[in-house]
file structure-v6.cif (mmCIF, C-alpha atoms)
data_run
#
loop_
_atom_site.label_atom_id
_atom_site.label_comp_id
_atom_site.auth_asym_id
_atom_site.auth_seq_id
_atom_site.Cartn_x
_atom_site.Cartn_y
_atom_site.Cartn_z
CA MET A 85 32.73 102.11 246.47
CA GLU A 86 31.96 99.73 243.67
CA ASN A 87 30.00 102.32 241.71
CA ASP A 88 32.15 105.25 242.74
CA VAL A 89 34.32 107.09 240.30
CA ILE A 90 37.90 107.58 241.38
CA GLU A 91 39.24 110.85 240.14
CA ILE A 92 43.00 111.24 240.04
CA ASP A 93 44.51 114.52 238.87
CA VAL A 94 47.92 114.93 240.48
CA GLN A 95 51.37 116.28 239.73
CA LYS A 96 54.69 115.71 241.37
CA GLU A 97 58.28 116.61 240.48
CA LEU A 98 60.49 113.54 240.59
CA VAL A 99 64.16 112.86 240.10
CA SER A 100 64.49 109.54 238.32
CA ALA A 101 67.48 107.67 236.91
CA HIS A 102 66.86 109.54 233.64
CA GLY A 103 66.84 112.98 235.30
CA ARG A 104 64.10 115.32 236.42
CA MET A 105 60.53 114.64 235.39
CA THR A 106 57.06 115.78 236.33
CA LEU A 107 54.69 112.97 237.14
CA THR A 108 51.38 114.17 235.68
CA ILE A 109 48.52 111.73 236.06
CA LYS A 110 44.96 112.61 235.18
CA VAL A 111 42.53 109.74 234.97
CA LYS A 112 39.11 108.60 236.13
CA LEU A 113 38.70 105.00 237.21
CA LEU A 114 35.54 103.07 237.92
CA GLY A 115 35.17 101.54 241.36
CA GLY A 116 35.74 97.78 241.38
CA GLU A 117 38.02 97.74 238.35
CA LEU A 118 41.30 95.86 238.22
CA VAL A 119 43.69 98.28 236.58
CA VAL A 120 47.27 97.43 235.66
CA LEU A 121 49.84 100.22 235.60
CA PHE A 122 52.23 99.18 232.88
CA GLY A 123 55.51 100.82 232.05
CA GLU A 124 59.27 100.72 232.47
CA SER A 125 61.07 101.18 235.78
CA GLY A 126 61.25 104.82 236.77
CA ALA A 127 58.08 105.76 234.85
CA GLY A 128 56.35 106.85 238.06
CA LYS A 129 54.08 103.85 238.70
CA THR A 130 55.12 103.22 242.29
CA THR A 131 54.98 106.94 243.13
CA LEU A 132 51.39 107.01 241.86
CA LEU A 133 50.47 104.13 244.22
CA ARG A 134 52.21 105.89 247.10
CA MET A 135 50.30 109.10 246.37
CA ILE A 136 46.98 107.25 246.36
CA SER A 137 47.82 105.56 249.65
CA GLY A 138 48.98 108.80 251.26
CA LEU A 139 52.57 107.64 251.81
CA THR A 140 53.78 110.34 249.40
CA ASN A 141 52.13 113.72 248.84
CA PRO A 142 51.53 115.13 245.37
CA ASP A 143 52.92 118.65 244.79
CA ARG A 144 49.48 119.70 243.65
CA GLY A 145 46.21 118.25 242.46
CA ILE A 146 43.13 116.41 243.56
CA LEU A 147 42.40 112.85 244.60
CA LYS A 148 38.74 112.02 245.00
CA VAL A 149 37.00 108.72 245.67
CA GLY A 150 33.27 109.12 245.04
CA ASN A 151 32.31 112.16 247.09
CA SER A 152 35.18 111.78 249.50
CA VAL A 153 38.15 114.08 248.90
CA TRP A 154 41.43 112.41 249.93
CA PHE A 155 43.74 115.10 248.70
CA ASP A 156 43.19 118.62 247.44
CA SER A 157 46.20 120.92 247.41
CA ASP A 158 44.11 124.08 246.88
CA ALA A 159 41.75 123.29 249.74
CA GLY A 160 44.56 122.04 251.97
CA ILE A 161 42.98 118.59 252.35
CA ASN A 162 45.24 115.59 252.91
CA LYS A 163 43.71 112.51 254.54
CA PRO A 164 46.32 110.47 256.41
CA PRO A 165 46.96 106.94 255.12
CA GLN A 166 45.08 105.24 257.97
CA GLU A 167 41.88 107.06 256.97
CA ARG A 168 42.03 106.02 253.33
CA ASN A 169 41.05 102.35 253.78
CA ILE A 170 43.69 100.93 251.52
CA GLY A 171 45.40 97.55 251.32
CA PHE A 172 48.98 97.72 250.08
CA VAL A 173 51.12 94.79 248.92
CA PHE A 174 54.79 95.39 248.25
CA GLN A 175 57.25 93.53 246.05
CA ASP A 176 59.27 92.43 249.09
CA TYR A 177 56.20 91.29 251.12
CA ALA A 178 57.07 93.56 254.11
CA LEU A 179 55.81 91.06 256.70
CA PHE A 180 56.67 91.40 260.38
CA PRO A 181 59.36 88.74 260.97
CA ASN A 182 58.55 88.34 264.66
CA MET A 183 54.83 87.74 264.13
CA SER A 184 53.04 84.56 263.11
CA VAL A 185 51.14 84.34 259.85
CA PHE A 186 47.89 84.80 261.81
CA ASN A 187 49.14 87.90 263.58
CA ASN A 188 50.58 89.37 260.41
CA VAL A 189 47.17 89.10 258.77
CA ALA A 190 45.33 90.32 261.89
CA TYR A 191 47.66 93.33 262.05
CA GLY A 192 46.08 94.60 258.84
CA GLN A 193 42.75 95.06 260.60
CA THR A 194 41.48 98.23 262.18
CA GLN A 195 39.19 96.28 264.50
CA GLY A 196 40.03 92.76 265.59
CA ASP A 197 37.89 90.20 263.81
CA LYS A 198 39.43 86.75 264.26
CA CYS A 199 36.70 85.09 262.22
CA TYR A 200 37.54 87.18 259.19
CA VAL A 201 41.26 86.51 259.64
CA ASN A 202 40.54 82.77 259.67
CA GLU A 203 38.32 83.14 256.63
CA LEU A 204 41.14 84.87 254.73
CA LEU A 205 43.69 82.27 255.85
CA GLN A 206 41.39 79.58 254.54
CA LYS A 207 40.77 81.38 251.24
CA PHE A 208 44.50 81.72 250.60
CA GLY A 209 45.34 78.18 251.76
CA LEU A 210 47.28 79.41 254.79
CA GLU A 211 45.37 77.68 257.63
CA GLU A 212 48.05 75.07 258.24
CA LEU A 213 50.71 77.76 258.34
CA SER A 214 48.94 80.19 260.65
CA ALA A 215 51.38 79.73 263.56
CA ARG A 216 54.52 79.97 261.44
CA LYS A 217 56.83 82.94 261.26
CA PRO A 218 57.54 84.46 257.83
CA ASP A 219 61.10 83.09 257.68
CA LYS A 220 59.65 79.58 257.60
CA LEU A 221 57.58 80.36 254.49
CA SER A 222 58.37 80.19 250.78
CA GLY A 223 58.23 83.34 248.64
CA GLY A 224 54.82 82.39 247.24
CA GLN A 225 53.43 81.70 250.73
CA ARG A 226 54.76 85.02 252.02
CA GLN A 227 53.06 86.89 249.23
CA ARG A 228 49.78 85.09 249.96
CA VAL A 229 50.11 86.27 253.57
CA ALA A 230 50.75 89.80 252.33
CA LEU A 231 47.65 89.63 250.12
CA ALA A 232 45.53 88.31 253.01
CA ARG A 233 46.88 91.07 255.28
CA ALA A 234 46.07 93.74 252.69
CA LEU A 235 42.48 92.43 252.55
CA ALA A 236 42.07 92.12 256.32
CA ARG A 237 40.67 95.62 256.72
CA LYS A 238 38.22 95.12 253.82
CA PRO A 239 39.85 97.88 251.81
CA ASP A 240 38.14 99.96 249.14
CA PHE A 241 41.44 100.16 247.33
CA LEU A 242 43.95 97.37 246.85
CA LEU A 243 47.35 98.61 245.71
CA LEU A 244 49.76 95.95 244.49
CA ASP A 245 53.29 97.09 243.68
CA GLU A 246 54.87 94.40 241.51
CA PRO A 247 53.79 91.75 243.99
CA LEU A 248 54.96 88.86 241.81
CA SER A 249 58.25 90.15 240.50
CA ALA A 250 60.32 88.25 243.07
CA LEU A 251 58.63 84.96 242.15
CA ASP A 252 59.04 82.81 239.12
CA GLY A 253 57.38 80.24 236.89
CA ASP A 254 54.48 78.23 238.26
CA ILE A 255 54.36 80.15 241.55
CA ARG A 256 53.80 83.33 239.58
CA THR A 257 50.95 81.78 237.63
CA SER A 258 49.27 80.47 240.77
CA LEU A 259 49.70 83.84 242.53
CA GLN A 260 48.03 85.53 239.57
CA ASN A 261 44.99 83.43 240.44
CA GLU A 262 45.32 84.55 244.07
CA ILE A 263 45.30 88.18 242.93
CA LEU A 264 42.11 87.59 240.97
CA LYS A 265 40.70 85.95 244.10
CA ALA A 266 41.84 88.90 246.26
CA HIS A 267 40.20 91.33 243.86
CA GLY A 268 36.99 89.31 243.91
CA ILE A 269 36.71 89.04 247.72
CA ASN A 270 35.19 92.47 248.22
CA ASN A 271 35.64 93.87 244.74
CA ALA A 272 38.12 96.46 245.90
CA THR A 273 39.31 98.76 243.15
CA THR A 274 42.69 97.23 242.44
CA LEU A 275 45.75 98.91 241.00
CA LEU A 276 48.53 96.52 240.08
CA VAL A 277 51.97 97.68 238.97
CA SER A 278 53.49 95.28 236.48
CA HIS A 279 55.72 95.15 233.47
CA ASP A 280 54.82 91.60 232.66
CA LEU A 281 52.50 91.22 229.66
CA THR A 282 51.32 87.83 230.92
CA GLU A 283 50.00 89.51 234.04
CA VAL A 284 48.44 92.29 232.00
CA PHE A 285 46.52 89.92 229.76
CA ARG A 286 45.48 87.57 232.56
CA LEU A 287 44.43 90.15 235.11
CA ALA A 288 43.66 93.58 233.76
CA HIS A 289 40.22 95.00 233.04
CA LYS A 290 42.03 98.12 231.99
CA VAL A 291 45.66 99.05 231.42
CA LEU A 292 47.23 102.44 232.03
CA GLN A 293 50.46 102.69 230.12
CA ILE A 294 52.80 105.13 231.82
CA LYS A 295 55.97 106.53 230.32
CA ASN A 296 58.19 109.26 231.76
CA GLY A 297 55.54 110.30 234.24
CA THR A 298 52.57 110.57 231.90
CA ILE A 299 49.83 108.27 230.69
CA THR A 300 50.63 107.30 227.11
CA GLY A 301 47.85 104.80 226.59
CA MET A 302 44.74 103.46 228.23
CA GLY A 303 42.33 100.67 227.36
CA LYS A 304 41.67 96.97 227.50
CA PRO A 305 44.81 94.84 226.97
CA ASP A 306 43.58 93.76 223.52
CA GLN A 307 43.01 97.33 222.40
CA LEU A 308 46.29 98.60 223.73
CA PHE A 309 48.67 95.84 222.76
CA LEU A 310 47.16 93.67 220.03
CA ASN A 311 45.96 96.23 217.51
CA ASN A 312 48.97 98.43 217.74
CA GLN A 313 51.85 96.13 218.27
CA ILE A 314 51.03 92.47 217.96
CA SER A 315 48.02 92.72 215.66
CA GLY A 316 46.83 89.26 216.61
CA LYS A 317 49.98 87.63 215.34
CA VAL A 318 53.05 86.07 216.82
CA GLN A 319 55.86 88.57 217.21
CA ILE A 320 59.20 88.08 218.86
CA THR A 321 62.01 90.60 218.89
CA GLY A 322 65.66 89.70 219.15
CA SER A 323 69.12 90.14 217.71
CA ILE A 324 70.70 88.23 214.86
CA VAL A 325 73.77 86.43 216.17
CA LYS A 326 74.52 84.32 213.12
CA ILE A 327 73.68 84.22 209.41
CA GLN A 328 74.57 80.97 207.64
CA LYS A 329 74.02 80.06 204.02
CA GLN A 330 72.31 76.69 203.93
CA ASP A 331 71.55 75.01 200.68
CA ALA A 332 69.50 77.49 198.61
CA PHE A 333 68.55 79.76 201.52
CA TYR A 334 69.89 81.17 204.77
CA LEU A 335 69.49 80.16 208.37
CA LEU A 336 69.44 82.96 210.91
CA THR A 337 70.09 82.44 214.60
CA VAL A 338 68.19 85.01 216.63
CA VAL A 339 68.51 85.44 220.40
CA THR A 340 65.34 86.88 221.92
CA GLY A 341 64.94 89.24 224.84
CA MET A 342 63.96 86.21 226.92
CA ASN A 343 67.29 84.59 226.02
CA GLN A 344 65.63 82.04 223.82
CA ILE A 345 67.37 80.96 220.66
CA LEU A 346 65.38 80.90 217.45
CA LYS A 347 66.39 79.45 214.09
CA VAL A 348 64.62 81.16 211.21
CA THR A 349 64.97 80.64 207.48
CA ALA A 350 65.49 83.68 205.28
CA PHE A 351 65.96 84.24 201.59
CA GLN A 352 68.29 86.31 199.44
CA ASN A 353 66.05 89.39 199.37
CA ASP A 354 65.78 89.32 203.18
CA ILE A 355 69.51 88.89 203.69
CA GLU A 356 70.40 91.90 201.55
CA LYS A 357 68.99 94.10 204.31
CA LEU A 358 70.25 92.13 207.31
CA SER A 359 73.55 91.61 209.07
CA GLU A 360 74.73 89.98 212.28
CA GLY A 361 74.01 92.15 215.31
CA ASP A 362 70.86 93.69 213.79
CA ARG A 363 67.78 93.89 215.96
CA VAL A 364 64.90 92.20 214.18
CA MET A 365 61.34 91.18 214.64
CA VAL A 366 60.46 87.58 213.87
CA PHE A 367 56.77 87.26 213.15
CA SER A 368 54.27 84.77 211.93
CA LYS A 369 50.54 84.70 211.48
CA ALA A 370 48.35 83.58 214.32
CA PHE A 371 47.61 80.42 212.33
CA SER A 372 51.13 79.17 211.78
CA PRO A 373 52.63 78.32 215.17
CA LEU A 374 51.91 74.96 216.74
CA ILE A 375 51.45 74.79 220.45
CA LEU A 376 52.50 72.17 223.01
CA LYS A 377 51.78 72.18 226.71
CA MET A 378 54.96 72.03 228.80
CA MET B 63 59.74 87.71 201.95
CA ASN B 64 57.50 88.32 198.96
CA VAL B 65 55.68 91.66 198.83
CA ILE B 66 53.09 92.54 196.19
CA PRO B 67 50.73 95.54 196.06
CA VAL B 68 47.03 94.74 196.28
CA LEU B 69 43.73 96.61 196.27
CA ILE B 70 41.19 95.53 198.87
CA GLU B 71 37.84 94.70 197.24
CA ALA B 72 35.88 93.18 200.13
CA ILE B 73 36.21 92.48 203.85
CA THR B 74 34.14 89.87 205.66
CA CYS B 75 34.36 89.59 209.45
CA SER B 76 33.18 86.88 211.78
CA ASP B 77 34.15 87.56 215.40
CA GLY B 78 37.88 88.16 215.25
CA VAL B 79 38.40 86.31 211.95
CA VAL B 80 38.64 88.46 208.85
CA LEU B 81 38.52 87.35 205.22
CA VAL B 82 39.97 89.93 202.87
CA ASP B 83 39.42 89.69 199.11
CA MET B 84 41.73 91.74 196.94
CA GLN B 85 43.18 92.12 193.48
CA SER B 86 46.69 92.43 192.19
CA ASP B 87 47.45 92.62 188.47
CA ASN B 88 43.91 91.43 187.64
CA CYS B 89 44.38 88.38 189.82
CA TRP B 90 42.08 87.74 192.79
CA LEU B 91 43.74 87.00 196.10
CA SER B 92 42.40 86.37 199.57
CA ALA B 93 43.88 86.54 203.04
CA ILE B 94 42.55 85.32 206.36
CA LEU B 95 43.58 87.37 209.35
CA VAL B 96 42.97 87.09 213.07
CA GLU B 97 42.39 90.52 214.53
CA GLY B 98 41.30 91.94 217.88
CA ASP B 99 37.93 93.54 218.52
CA GLU B 100 38.57 96.28 216.00
CA LEU B 101 40.22 96.26 212.58
CA PRO B 102 43.28 98.46 212.07
CA THR B 103 42.15 101.75 210.51
CA TRP B 104 44.07 101.14 207.28
CA LEU B 105 42.29 97.84 206.65
CA THR B 106 39.30 99.08 204.64
CA LYS B 107 37.60 98.37 201.34
CA GLY B 108 39.32 100.26 198.53
CA ALA B 109 42.63 100.58 200.39
CA ALA B 110 45.87 99.93 198.55
CA VAL B 111 48.00 97.69 200.77
CA SER B 112 50.70 95.05 200.39
CA ALA B 113 50.25 91.32 200.57
CA VAL B 114 53.26 89.60 202.14
CA PHE B 115 54.09 85.92 202.17
CA LYS B 116 57.09 83.74 202.75
CA GLU B 117 58.94 82.07 199.91
CA SER B 118 58.64 78.64 201.53
CA GLU B 119 54.82 78.91 201.63
CA LEU B 120 54.50 79.51 197.89
CA SER B 121 53.90 76.34 195.87
CA ILE B 122 54.23 75.93 192.12
CA ALA B 123 51.93 74.03 189.75
CA VAL B 124 52.38 73.30 186.06
CA ASN B 125 49.22 72.69 183.99
CA LEU B 126 47.06 72.88 187.12
CA SER B 127 43.83 70.92 186.71
CA GLY B 128 41.24 69.24 188.89
CA LYS B 129 39.77 70.71 192.05
CA ILE B 130 41.98 72.30 194.65
CA SER B 131 41.11 74.26 197.77
CA LEU B 132 43.68 77.00 197.18
CA ARG B 133 42.05 80.02 195.58
CA ASN B 134 45.18 82.12 195.53
CA ARG B 135 46.49 81.13 192.10
CA LEU B 136 48.99 83.53 190.62
CA PRO B 137 49.82 83.11 186.91
CA CYS B 138 53.60 83.46 186.68
CA THR B 139 56.52 82.98 184.34
CA VAL B 140 59.71 81.31 185.57
CA GLN B 141 62.59 83.79 185.53
CA LYS B 142 65.42 81.98 187.27
CA ILE B 143 66.06 78.81 189.27
CA GLU B 144 68.73 78.54 191.92
CA CYS B 145 69.19 74.89 192.79
CA GLY B 146 70.61 73.76 196.12
CA GLU B 147 71.15 70.14 196.94
CA ILE B 148 67.80 69.84 198.68
CA MET B 149 65.99 73.14 198.24
CA SER B 150 65.64 75.35 195.20
CA VAL B 151 64.57 78.98 194.97
CA VAL B 152 62.50 79.73 191.88
CA SER B 153 62.14 83.38 190.82
CA LEU B 154 58.79 84.07 189.20
CA LYS B 155 57.42 87.02 187.29
CA PHE B 156 53.86 87.78 188.39
CA GLY B 157 52.50 90.69 186.34
CA GLN B 158 55.05 93.41 186.92
CA HIS B 159 56.28 91.89 190.14
CA LEU B 160 59.01 89.45 191.00
CA ILE B 161 58.27 86.81 193.63
CA GLN B 162 60.12 83.72 194.79
CA SER B 163 59.13 80.22 195.72
CA ALA B 164 61.27 77.80 197.72
CA ILE B 165 60.51 74.19 196.83
CA THR B 166 62.52 70.99 197.01
CA THR B 167 65.01 70.49 194.22
CA ARG B 168 63.45 67.16 193.34
CA SER B 169 60.07 68.90 192.90
CA ALA B 170 61.70 71.53 190.71
CA LYS B 171 63.15 68.72 188.61
CA ALA B 172 59.89 66.76 188.50
CA LEU B 173 58.08 69.89 187.28
CA GLU B 174 60.77 70.31 184.61
CA LEU B 175 60.99 73.99 185.45
CA ASN B 176 62.99 76.14 183.10
CA THR B 177 63.19 79.82 182.27
CA GLY B 178 60.12 81.12 180.44
CA LEU B 179 57.81 78.30 181.55
CA GLU B 180 54.31 79.44 182.52
CA VAL B 181 53.26 78.15 185.92
CA THR B 182 50.71 78.83 188.65
CA ALA B 183 51.99 79.94 192.03
CA LEU B 184 49.75 78.86 194.92
CA ILE B 185 49.53 80.25 198.43
CA LYS B 186 47.07 79.43 201.22
CA ALA B 187 44.99 82.41 202.39
CA ASN B 188 46.07 81.90 206.00
CA GLU B 189 49.70 82.36 204.98
CA VAL B 190 49.13 85.81 203.47
CA PHE B 191 49.94 88.83 205.66
CA LEU B 192 48.54 92.24 204.92
CA VAL B 193 50.75 95.21 205.53
CA GLN B 194 49.96 98.88 205.23
CA SER B 195 51.33 100.01 201.84
CA ILE B 196 54.89 99.02 201.15
CA LYS B 197 55.85 100.80 197.93
CA ASN B 198 57.97 98.03 196.47
CA ALA B 199 59.44 94.67 197.28
CA GLN B 200 62.70 96.24 198.38
CA ALA B 201 61.01 98.33 201.09
CA PRO B 202 62.30 97.94 204.65
CA ILE B 203 60.50 95.79 207.18
CA PRO B 204 57.35 97.61 208.26
CA HIS B 205 56.89 98.96 211.74
CA PRO B 206 55.22 96.36 213.98
CA HIS B 207 51.95 98.26 214.25
CA GLN B 208 51.51 98.08 210.51
CA LEU B 209 51.39 94.32 210.52
#
call {"tool": "encode", "arguments": {"input": "structure-v6.cif", "output": "structure tokens"}}
result
Amino acid sequence: MENDVIEIDVQKELVSAHGRMTLTIKVKLLGGELVVLFGESGAGKTTLLRMISGLTNPDRGILKVGNSVWFDSDAGINKPPQERNIGFVFQDYALFPNMSVFNNVAYGQTQGDKCYVNELLQKFGLEELSARKPDKLSGGQRQRVALARALARKPDFLLLDEPLSALDGDIRTSLQNEILKAHGINNATTLLVSHDLTEVFRLAHKVLQIKNGTITGMGKPDQLFLNNQISGKVQITGSIVKIQKQDAFYLLTVVTGMNQILKVTAFQNDIEKLSEGDRVMVFSKAFSPLILKM
Amino acid sequence: MNVIPVLIEAITCSDGVVLVDMQSDNCWLSAILVEGDELPTWLTKGAAVSAVFKESELSIAVNLSGKISLRNRLPCTVQKIECGEIMSVVSLKFGQHLIQSAITTRSAKALELNTGLEVTALIKANEVFLVQSIKNAQAPIPHPHQL
């Protein structure tokens, strides 16, 4: 699997919030890569994961992993999900509420192997919790169980559909490490859906940028995001909420997309082109900002 | 922000750090940039681009002498001074271009700045942005990918 090429060439008509669109994905991935699917909601990322796993059928196309054909509309081939050896982690964990942590993880296996279940519980720090039911776990713990369960069958493919979006702050950061760990355990080719740039830069070997059902960009995070958009500098976008004359210059109050409030000085020639309500980009060179651990 | 046209004369790279030497109105300028693995396609020797820097990063010297690390020294003539209580904005003519420097009012007074005085404007290389050709100082803010 690790050296296999995964060939995806599929199409599917979808009705999204923005109307009808054709999801058209053609890409070759290397086995063992950790690929982040990046794009806005409704771009077709989740549908792509579902088509790889066999939960949704493409209208037409081919899906090939090494020499094994999983889907081929012309040849009438469509391997059922249970024959695709995939681990899937959902945003909402999807654990069985009536089963213990141990049994949830063991459920992911095709053949019972208690030793491996225990090994996974230990790797994800879940040993002490193995008898608990999911409702007695925190969000971060539940997602660790879901990751362990997805790995229980030693999958070739690990599909992670926004697994961290329900978590916040430190938990998110620590779960990013768990994802790296999960990817490393048997080097499963991992596809992670995310629209969080932190995740992209921490985790991705490769990013597929998807917009309105098609791939609009592909490459390493640096290539895709730094050269084009950030260019190695500090860039924040926001809206001007206040312009005040102060002494010989102006002070702008800018509210960012993350709801942070910035105060930025500006001068007469800047102000001539700006008014309150304008969307602006505040930028500085990579050298200028100071940094303080929080 | 201050925007002046420049011609790139030399580019030196070391890992992701890039030193760009350029000329504007017969004056040598340099910029230090931090880039990714590859330089933007427009950043090449011989390219005409714009150097951009903030008013508050531009210092002013009168009768500059002695040794100083700043190599970006722009010969300018004072055009106008707008004094606030604490900060002053000094408009400077550099070649055919108008740039501004924001300094404290007490510095402006200590330098005895007045219209027509010849001064040297100084800017650190790490404070100079390079932007793909902006035609003049009144041009709109460039698209992010041009920065």
call {"tool": "resolve_selection", "arguments": {"input": "structure-v6.cif", "expression": "the PyMOL selection byres ((chain A) within 12 of (chain B))", "output": "PyMOL selection string"}}
result
chain A and resi 304-321+329-334+348-358+363-373
call {"tool": "resolve_selection", "arguments": {"input": "structure-v6.cif", "expression": "the PyMOL selection byres ((chain A and resi 282-299) around 6)", "output": "ChimeraX atom specification"}}
result
/A:107-109,118-123,127-128,280-281,300-305
call {"tool": "closest_residue", "arguments": {"input": "structure-v6.cif", "among": "A:Pro181, A:Cys199, A:Val94, A:Met135", "to": "Arg168 in chain A", "atoms": "all atoms listed in the file"}}
result
A:Met135
call {"tool": "resolve_selection", "arguments": {"input": "structure-v6.cif", "expression": "the PyMOL selection byres ((chain B and resi 138) around 10)", "output": "ChimeraX atom specification"}}
result
/B:122,135-137,139-141,153-157,159-161,178-183
call {"tool": "residues_around", "arguments": {"input": "structure-v6.cif", "residues": "Leu173 in chain B", "least_positions_apart": "4", "cutoff": "8 Å", "atoms": "all atoms listed in the file", "output": "list in words"}}
result
Ala123, Val124 and Ser169 of chain B
call {"tool": "write_last_selection", "arguments": {"input": "structure-v6.cif", "atoms": "C-alpha atoms", "output": "tab-separated table (two decimals), keeping the file's coordinate frame"}}
result
chain	number	residue	atom	x	y	z
B	123	ALA	CA	51.93	74.03	189.75
B	124	VAL	CA	52.38	73.30	186.06
B	169	SER	CA	60.07	68.90	192.90
call {"tool": "residues_around", "arguments": {"input": "structure-v6.cif", "residues": "Asp219 in chain A", "least_positions_apart": "3", "cutoff": "10 Å", "atoms": "only C-alpha atoms", "output": "count of residues only"}}
result
9
call {"tool": "residues_around", "arguments": {"input": "structure-v6.cif", "residues": "Glu71 in chain B", "least_positions_apart": "5", "cutoff": "6 Å", "atoms": "all atoms listed in the file", "output": "PyMOL selection string"}}
result
chain B and resi 83-84+107-108
call {"tool": "atom_distance", "arguments": {"input": "structure-v6.cif", "atom1": "CA of Leu98 in chain A", "atom2": "CA of Ser278 in chain A"}}
result
20.0 Å
call {"tool": "atom_distance", "arguments": {"input": "structure-v6.cif", "atom1": "CA of Asp88 in chain A", "atom2": "CA of Gly150 in chain A"}}
result
4.6 Å
call {"tool": "closest_residue", "arguments": {"input": "structure-v6.cif", "among": "B:Val82, B:Asn176, B:Lys186, B:Ala110", "to": "Arg133 in chain B", "atoms": "all atoms listed in the file"}}
result
B:Lys186
call {"tool": "closest_residue", "arguments": {"input": "structure-v6.cif", "among": "B:Val80, B:Val68, B:Leu91, B:Ala170", "to": "Val111 in chain B", "atoms": "only C-alpha atoms"}}
result
B:Val68
call {"tool": "residues_around", "arguments": {"input": "structure-v6.cif", "residues": "Ile161 in chain A", "least_positions_apart": "6", "cutoff": "10 Å", "atoms": "only C-alpha atoms", "output": "VMD selection string"}}
result
chain A and resid 146 to 147 153 to 155
call {"tool": "atom_distance", "arguments": {"input": "structure-v6.cif", "atom1": "CA of His279 in chain A", "atom2": "CA of Val189 in chain A"}}
result
27.4 Å
call {"tool": "closest_residue", "arguments": {"input": "structure-v6.cif", "among": "A:Asp158, A:Val173, A:Pro164, A:Val339", "to": "Arg233 in chain A", "atoms": "all atoms listed in the file"}}
result
A:Val173
call {"tool": "residues_near_point", "arguments": {"input": "structure-v6.cif", "point": "(36.7, 94.8, 239.6)", "cutoff": "8 Å", "atoms": "all atoms listed in the file", "output": "PDB file with C-alpha atoms, in the coordinates of the input"}}
result
ATOM      1  CA  GLU A  86      31.960  99.730 243.670  1.00  0.00           C
ATOM      2  CA  GLY A 115      35.170 101.540 241.360  1.00  0.00           C
ATOM      3  CA  GLY A 116      35.740  97.780 241.380  1.00  0.00           C
ATOM      4  CA  GLU A 117      38.020  97.740 238.350  1.00  0.00           C
ATOM      5  CA  LEU A 118      41.300  95.860 238.220  1.00  0.00           C
ATOM      6  CA  HIS A 267      40.200  91.330 243.860  1.00  0.00           C
ATOM      7  CA  GLY A 268      36.990  89.310 243.910  1.00  0.00           C
ATOM      8  CA  ASN A 271      35.640  93.870 244.740  1.00  0.00           C
ATOM      9  CA  ALA A 272      38.120  96.460 245.900  1.00  0.00           C
ATOM     10  CA  THR A 273      39.310  98.760 243.150  1.00  0.00           C
ATOM     11  CA  THR A 274      42.690  97.230 242.440  1.00  0.00           C
ATOM     12  CA  HIS A 289      40.220  95.000 233.040  1.00  0.00           C
TER      13      HIS A 289
END
call {"tool": "residues_around", "arguments": {"input": "structure-v6.cif", "residues": "Leu213 in chain A", "least_positions_apart": "4", "cutoff": "10 Å", "atoms": "only C-alpha atoms", "output": "number ranges by chain"}}
result
A: 184-186, 205, 209, 217-218, 220-221, 225, 229
